[in-house]
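Asks: One structure follows; several queries about it will come next.
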Amino acid sequence: MNIGEILRFGGVGGIATLVHMAVGTGLITIGVAPLLANIGAFLVAFGVSFLGHHKITFAANGRNPRRAFLRFALVALIGFAINESLLALLLWISPLAPQIALLISTACAAASTYILSRNWAFASQSDDN
């Protein structure tokens, strides 16, 4: 792990998170239920995230794009499960506005996504041996 990689991950993740928040908040604002809005936001942000991490964050690892995509899709689904579960819990037990609950749940899923992305989804080809 190096600081440049962490900064690139944070930059790409930050952009993907902003996309997620913009789409999710926009959908909530027009009346879409928060949990459904979060699914739409996830799908849009997933594309941004994969392309950014594959082309920028972990570009030097030499991972086959198809294999990285499949692995990252699983990583993203795990992160989304954490995000959606925490969002549902916050909506159920707290008086937070749905937009704030969405921000908290999205932020909490980022650490697991980084760890799994770095150590598995985008790991160098030699790490598979």
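Convention: chains lettered A, B, ... in structure tokens order; per-chain residue numbering from 1; ligands numbered from 1 as shown.
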Could you name the residues that touch Trp120 of chain A at 12 Å or less, counting only C-alpha atoms, but leaving out those on the same chain fewer than 4 positions away, as a PyMOL selection string?

Replies: chain A and resi 58+61+63+67-75+112-116+124-128

Asks: Can you write out the residues you just picked, keeping N, CA and C atoms, as a PDB file, in the first residue's frame?

Replies:
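What ended up in again_23.pdb:
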ATOM      1  N   PHE A  58      -5.639   1.449  -9.857  1.00  0.00           N
ATOM      2  CA  PHE A  58      -4.896   0.190  -9.884  1.00  0.00           C
ATOM      3  C   PHE A  58      -4.397  -0.144 -11.295  1.00  0.00           C
ATOM      4  N   ASN A  61      -1.365  -2.614 -12.048  1.00  0.00           N
ATOM      5  CA  ASN A  61      -1.375  -3.988 -11.557  1.00  0.00           C
ATOM      6  C   ASN A  61      -1.487  -5.046 -12.649  1.00  0.00           C
ATOM      7  N   ARG A  63      -4.038  -6.282 -14.214  1.00  0.00           N
ATOM      8  CA  ARG A  63      -5.195  -7.171 -14.084  1.00  0.00           C
ATOM      9  C   ARG A  63      -5.964  -7.215 -15.397  1.00  0.00           C
ATOM     10  N   ARG A  67     -11.681  -9.975 -15.849  1.00  0.00           N
ATOM     11  CA  ARG A  67     -11.564 -10.584 -14.519  1.00  0.00           C
ATOM     12  C   ARG A  67     -11.699  -9.517 -13.429  1.00  0.00           C
ATOM     13  N   ALA A  68     -11.056  -8.380 -13.634  1.00  0.00           N
ATOM     14  CA  ALA A  68     -11.170  -7.288 -12.659  1.00  0.00           C
ATOM     15  C   ALA A  68     -12.614  -6.818 -12.536  1.00  0.00           C
ATOM     16  N   PHE A  69     -13.313  -6.718 -13.671  1.00  0.00           N
ATOM     17  CA  PHE A  69     -14.711  -6.289 -13.647  1.00  0.00           C
ATOM     18  C   PHE A  69     -15.557  -7.255 -12.831  1.00  0.00           C
ATOM     19  N   LEU A  70     -15.403  -8.542 -13.079  1.00  0.00           N
ATOM     20  CA  LEU A  70     -16.201  -9.542 -12.347  1.00  0.00           C
ATOM     21  C   LEU A  70     -15.894  -9.507 -10.851  1.00  0.00           C
ATOM     22  N   ARG A  71     -14.616  -9.411 -10.533  1.00  0.00           N
ATOM     23  CA  ARG A  71     -14.239  -9.348  -9.112  1.00  0.00           C
ATOM     24  C   ARG A  71     -14.728  -8.050  -8.466  1.00  0.00           C
ATOM     25  N   PHE A  72     -14.553  -6.947  -9.190  1.00  0.00           N
ATOM     26  CA  PHE A  72     -14.995  -5.667  -8.633  1.00  0.00           C
ATOM     27  C   PHE A  72     -16.504  -5.627  -8.492  1.00  0.00           C
ATOM     28  N   ALA A  73     -17.215  -6.274  -9.407  1.00  0.00           N
ATOM     29  CA  ALA A  73     -18.675  -6.340  -9.275  1.00  0.00           C
ATOM     30  C   ALA A  73     -19.056  -7.012  -7.961  1.00  0.00           C
ATOM     31  N   LEU A  74     -18.361  -8.090  -7.603  1.00  0.00           N
ATOM     32  CA  LEU A  74     -18.628  -8.759  -6.326  1.00  0.00           C
ATOM     33  C   LEU A  74     -18.267  -7.851  -5.152  1.00  0.00           C
ATOM     34  N   VAL A  75     -17.119  -7.204  -5.238  1.00  0.00           N
ATOM     35  CA  VAL A  75     -16.699  -6.268  -4.188  1.00  0.00           C
ATOM     36  C   VAL A  75     -17.741  -5.148  -4.038  1.00  0.00           C
ATOM     37  N   SER A 112     -14.302  -1.041   3.344  1.00  0.00           N
ATOM     38  CA  SER A 112     -14.318  -2.443   2.913  1.00  0.00           C
ATOM     39  C   SER A 112     -14.095  -2.549   1.411  1.00  0.00           C
ATOM     40  N   THR A 113     -14.622  -1.607   0.655  1.00  0.00           N
ATOM     41  CA  THR A 113     -14.437  -1.609  -0.789  1.00  0.00           C
ATOM     42  C   THR A 113     -12.960  -1.423  -1.149  1.00  0.00           C
ATOM     43  N   TYR A 114     -12.275  -0.517  -0.461  1.00  0.00           N
ATOM     44  CA  TYR A 114     -10.846  -0.312  -0.721  1.00  0.00           C
ATOM     45  C   TYR A 114     -10.049  -1.574  -0.421  1.00  0.00           C
ATOM     46  N   ILE A 115     -10.260  -2.142   0.726  1.00  0.00           N
ATOM     47  CA  ILE A 115      -9.485  -3.322   1.135  1.00  0.00           C
ATOM     48  C   ILE A 115      -9.688  -4.478   0.160  1.00  0.00           C
ATOM     49  N   LEU A 116     -10.930  -4.770  -0.178  1.00  0.00           N
ATOM     50  CA  LEU A 116     -11.210  -5.864  -1.108  1.00  0.00           C
ATOM     51  C   LEU A 116     -10.731  -5.547  -2.525  1.00  0.00           C
ATOM     52  N   SER A 124      -2.451  -7.544  -8.404  1.00  0.00           N
ATOM     53  CA  SER A 124      -1.642  -7.881  -9.576  1.00  0.00           C
ATOM     54  C   SER A 124      -1.804  -9.352  -9.918  1.00  0.00           C
ATOM     55  N   GLN A 125      -1.577  -9.678 -11.175  1.00  0.00           N
ATOM     56  CA  GLN A 125      -1.707 -11.051 -11.637  1.00  0.00           C
ATOM     57  C   GLN A 125      -0.863 -12.001 -10.807  1.00  0.00           C
ATOM     58  N   SER A 126       0.317 -11.564 -10.386  1.00  0.00           N
ATOM     59  CA  SER A 126       1.210 -12.446  -9.625  1.00  0.00           C
ATOM     60  C   SER A 126       0.660 -12.755  -8.243  1.00  0.00           C
ATOM     61  N   ASP A 127      -0.261 -11.932  -7.738  1.00  0.00           N
ATOM     62  CA  ASP A 127      -0.851 -12.186  -6.422  1.00  0.00           C
ATOM     63  C   ASP A 127      -1.807 -13.357  -6.433  1.00  0.00           C
ATOM     64  N   ASP A 128      -2.209 -13.825  -7.625  1.00  0.00           N
ATOM     65  CA  ASP A 128      -3.132 -14.958  -7.718  1.00  0.00           C
ATOM     66  C   ASP A 128      -2.421 -16.296  -7.562  1.00  0.00           C
TER      67      ASP A 128
END

Asks: Residues of segment 39-95 of chain A that have any atom at most 7 Å from an atom of segment 2-14 of chain A: could you tabulate them with the shortest-distance atom pair and the distance in Å to one decimal, using only C-alpha atoms, ordered by chain and increasing number, as JSON lines?

Replies:
{"residue": "A:Ser49", "atom": "CA", "partner": "A:Val12", "partner_atom": "CA", "distance": 6.4}
{"residue": "A:Gly52", "atom": "CA", "partner": "A:Val12", "partner_atom": "CA", "distance": 5.6}
{"residue": "A:His53", "atom": "CA", "partner": "A:Val12", "partner_atom": "CA", "distance": 6.6}
{"residue": "A:Ile56", "atom": "CA", "partner": "A:Arg8", "partner_atom": "CA", "distance": 6.9}
{"residue": "A:Thr57", "atom": "CA", "partner": "A:Arg8", "partner_atom": "CA", "distance": 5.1}

Asks: Just all heavy atoms for this one: save the residues we selected as a PDB file, in the first residue's frame.

Replies:
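And here is the file that came out, part.pdb:
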ATOM      1  N   SER A  49     -16.999   4.147 -10.751  1.00  0.00           N
ATOM      2  CA  SER A  49     -16.007   3.586  -9.852  1.00  0.00           C
ATOM      3  C   SER A  49     -15.118   2.553 -10.554  1.00  0.00           C
ATOM      4  O   SER A  49     -13.892   2.599 -10.446  1.00  0.00           O
ATOM      5  CB  SER A  49     -16.716   2.951  -8.650  1.00  0.00           C
ATOM      6  OG  SER A  49     -15.796   2.540  -7.687  1.00  0.00           O
ATOM      7  N   GLY A  52     -12.763   4.237 -13.132  1.00  0.00           N
ATOM      8  CA  GLY A  52     -11.735   5.015 -12.444  1.00  0.00           C
ATOM      9  C   GLY A  52     -10.695   4.152 -11.763  1.00  0.00           C
ATOM     10  O   GLY A  52      -9.485   4.391 -11.882  1.00  0.00           O
ATOM     11  N   HIS A  53     -11.130   3.128 -11.064  1.00  0.00           N
ATOM     12  CA  HIS A  53     -10.164   2.271 -10.368  1.00  0.00           C
ATOM     13  C   HIS A  53      -9.354   1.434 -11.348  1.00  0.00           C
ATOM     14  O   HIS A  53      -8.153   1.235 -11.165  1.00  0.00           O
ATOM     15  CB  HIS A  53     -10.857   1.378  -9.347  1.00  0.00           C
ATOM     16  CG  HIS A  53     -11.400   2.137  -8.179  1.00  0.00           C
ATOM     17  ND1 HIS A  53     -10.691   3.123  -7.523  1.00  0.00           N
ATOM     18  CD2 HIS A  53     -12.596   2.074  -7.557  1.00  0.00           C
ATOM     19  CE1 HIS A  53     -11.421   3.624  -6.554  1.00  0.00           C
ATOM     20  NE2 HIS A  53     -12.599   3.009  -6.553  1.00  0.00           N
ATOM     21  N   ILE A  56      -7.158   4.241 -13.340  1.00  0.00           N
ATOM     22  CA  ILE A  56      -6.351   5.204 -12.573  1.00  0.00           C
ATOM     23  C   ILE A  56      -5.750   4.578 -11.316  1.00  0.00           C
ATOM     24  O   ILE A  56      -4.543   4.505 -11.164  1.00  0.00           O
ATOM     25  CB  ILE A  56      -7.196   6.451 -12.210  1.00  0.00           C
ATOM     26  CG1 ILE A  56      -7.664   7.154 -13.483  1.00  0.00           C
ATOM     27  CG2 ILE A  56      -6.411   7.405 -11.320  1.00  0.00           C
ATOM     28  CD1 ILE A  56      -8.714   8.218 -13.272  1.00  0.00           C
ATOM     29  N   THR A  57      -6.590   4.144 -10.404  1.00  0.00           N
ATOM     30  CA  THR A  57      -6.107   3.706  -9.099  1.00  0.00           C
ATOM     31  C   THR A  57      -5.189   2.494  -9.178  1.00  0.00           C
ATOM     32  O   THR A  57      -4.092   2.497  -8.620  1.00  0.00           O
ATOM     33  CB  THR A  57      -7.293   3.365  -8.163  1.00  0.00           C
ATOM     34  OG1 THR A  57      -8.182   4.462  -8.118  1.00  0.00           O
ATOM     35  CG2 THR A  57      -6.809   3.046  -6.757  1.00  0.00           C
TER      36      THR A  57
END

Asks: When distances are computed from only C-alpha atoms, which of A:Leu87, A:Val19, A:Phe50, A:Ala37 shows the smallest separation from Cys108 of chain A?

Replies: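 That would be A:Leu87, the residue with the smallest distance to Cys108 of chain A.
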
Asks: For segment 28-36 of chain A, work out the shell of residues within 10 Å, counting only C-alpha atoms and skipping chain neighbours fewer than 2 positions away, then give it as a ChimeraX atom specification.

Replies: /A:22-26,38-42,84-85,87-88,91,98-99,101-102

Asks: For Ala45 of chain A, which residue among A:Ile100, A:Asn83, A:Ala123, A:Leu18 is the nearest when counting only C-alpha atoms?

Replies: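 Among the listed residues, A:Leu18 lies closest to Ala45 of chain A.
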
Asks: DSSP on the backbone: which residues in segment 19-68 of chain A end up as alpha helix (DSSP H)? Give the answer as JSON, numbers by chain.

Replies: {"A": [19, 20, 21, 22, 23, 24, 25, 26, 27, 28, 29, 34, 35, 36, 37, 38, 39, 40, 41, 42, 43, 44, 45, 46, 47, 48, 49, 50, 51, 52, 65, 66, 67, 68]}

Asks: For a quick check of understanding, using only C-alpha atoms, which of A:Ala81, A:Leu51, A:Val44, A:Leu89 has the smallest distance to Ala110 of chain A?

Replies: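 Going through A:Ala81, A:Leu51, A:Val44, A:Leu89 one by one, the smallest distance to Ala110 of chain A is for A:Ala81.
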
Asks: Between atom CA of Leu27 of chain A and atom CA of Leu103 of chain A, what is the distance in Å, rounded to a tenth?

Replies: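 Distance between the two atoms: 14.1 Å.
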
Asks: Tell me, in Å to one decimal, how far atom CA of Leu43 of chain A is from atom CA of Thr106 of chain A.

Replies: 13.3 Å

Asks: May I ask for the distance between atom CA of Asn119 of chain A and atom CA of Ile15 of chain A, given in Å to one decimal place?

Replies: 21.5 Å

Asks: Have a look at A:Gly79, A:Val48, A:Lys55, A:Asn64 and name the one nearest to Ala111 of chain A; count only C-alpha atoms.

Replies: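 With only C-alpha atoms as the atom set, the closest residue is A:Gly79.
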
Asks: Quick one: of A:Gly47, A:Leu90, A:Leu77, A:Phe122, who's nearest to Ile104 of chain A, counting only C-alpha atoms?

Replies: A:Leu90
